[in-house]
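**Student:** There's a structure below that I have some questions on.
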Amino acid sequence: MVSIIPFFQRHRRKFVVLFGTVAASYWTFSYLKSRLIELQAKLAYDTNNRENLRRRFEQNQQDASFTVEALLQTLSDPIMKSFDVEKLTEDLKSKRGAVAVKNGSYSEDSPLDAETMSTTSSFSNFTAELEGTTNKKNRSKRELWNDLKLTSITRIITLIHSLSLLIFFTRLQINLIGRQSYIHSVRLMAESDESSEKSPSDPTGGEVIGVNAEINRRYLTYSWWLLNKGWNAIAETVWTTTESVFSGITPRSELSFEELTKLLYEVSYEVDKKHEHYLNDLLPSETAEDELLVTQNFPEVNPKVADFKYQIDAGLEGLLDETRDLIESPNAKRVLALLRQEALKVLLGNMQMNYYHQMLESTVSTDGQVLVEEIDQTHKKVKLASILAGLAHQSYELSSIDENNQYLLAINNNPELTAFSAVIYSSYGPVLR
């Protein structure tokens, strides 16, 4: 034992260094281990949050799609009723020598040239006729054909523009509300362990703007404007534009697929220019807002009181202001244009399939093999009378509440719409301010 003490004394410095190194290594190892555990926990937390955010975002898009399907009939029914192509067809059939509209044929004793088809039929006159305030019994075949042309084209283009706006506006609303709910649920989870056990899809209460259920309900009722007022303004523009673009084109006129495409795109483009951001078609102006509030039975609104002006809640006003900013943004204008193009592509694709499809001709070669040759139909021309029947059929396809509705699928699956929705959902600045 005595001999060990001198040994430690002689090597004391070395032992101090050794013990210091071991202690430092242990502390470093412990620190790195704790940091690694923290990083792993943070990584797992972030991964879980990202996955939760992804699931919630996807659920919001599904909710928006279901909402559009629920509102589709509310939107399409008045449009189909206002532009009653079938009634005009029956009126034509009831005339002596009327055109057999279904087959696109016409009577030779009823010349329908550009001069006779130039009869002016204003939108206001046409709607008055539909409401029965004018007499249609004395209308000539020329006038009926002109109305049929304008009505068929106006109906399908109005449906395309209105459906695109409904899908766009619903996505915008649902994602704004979904973003508020997500921020609120994150705040709840950060406050306590008990809050972290709550379902993130159940953001009840809170002071975050837009989370209040009553504010959300009132905000969603603003889609009433498009469903009841906005589409009518669009329809009037489509009618006058169609009247101009299709001037001089008669039921006897033959159109190639390229010509039909150009004409329909021109109508859509001109309507787009006249409505710009479609803000007044999606949201009421300040002077018209009370009409929406009274219709939706807001309890604070009393239409019997003279000069009554409803003071919108600050939370609702914040949502509406952000909605207006988004609608007027360049991104929104581009997305809306792409949505209309998607619908027009479906329409023209179906018209091409039904009227301009490629013909297949089978021949047998000398060795007995069957050869199938595709006949080019690019320059094939179809009478406008037949085209109008096809457009009328496509109106029913577009407004059908069906999971296989090609128009709904094409617009809902547009990647630019999804990207625009993601931008809205991930813009937390307006909520966190």
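The way I read the labels, and the way they are meant: chains A, B, ... in the order of the structure tokens, residue 1 as the first residue of every chain, and ligand 1 as the first ligand shown, with later ones counted on from there.
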Can you list, as a ChimeraX atom specification, every protein, DNA or RNA residue that comes within 9 Å of stretch 225-238 of chain A when you count only C-alpha atoms, leaving out same-chain residues fewer than 3 positions away?
**Tutor:** /A:71,74-76,78-79,123-124,153-155,157-159,161-162,165-166,221-222,241-243,267-268,270-271,274-275,278,280-284,292
**Student:** Record the distance separating atom CA of A:Ile401 and atom CA of A:Arg217, expressed in Å with one decimal.
**Tutor:** 24.1 Å
**Student:** Counting only C-alpha atoms, which residue out of A:Leu344, A:Arg218, A:Arg324, A:Lys380 sits closest to A:Glu258?
**Tutor:** A:Lys380
**Student:** Please provide as number ranges by chain all residues within 12 Å of A:Glu259, with the sequence filter that same-chain residues fewer than 3 positions apart are discarded (counting only C-alpha atoms).
**Tutor:** A: 245-246, 249, 253-256, 262-266, 348, 352, 356, 378-384, 387
**Student:** In terms of the shortest atom-to-atom distance over only C-alpha atoms, which of A:Ser34, A:Ser400, A:Ser152, A:Gln73 is closest to A:Glu86?
**Tutor:**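 Looking only at the distances to A:Glu86, the closest residue turns out to be A:Ser152.
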**Student:** Taking 6 positions as the minimum chain separation for residues in the same chain, which residues sit within 10 Å of A:Leu409 when counting only C-alpha atoms? Answer as a ChimeraX atom specification.
**Tutor:** /A:65,342-343,346,403
**Student:** Nearest residue to A:Leu339 out of A:Ser247, A:Asn413, A:Ser94, A:Asn146, using only C-alpha atoms?
**Tutor:** A:Asn413
**Student:** Interatomic distance between atom CA of A:Ala314 and atom CA of A:Ala332?
**Tutor:**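 Separation between atom CA of A:Ala314 and atom CA of A:Ala332: 24.6 Å.
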**Student:** Between atom CA of A:Val335 and atom CA of A:Asn212, what is the distance in Å, rounded to a tenth?
**Tutor:** 29.4 Å
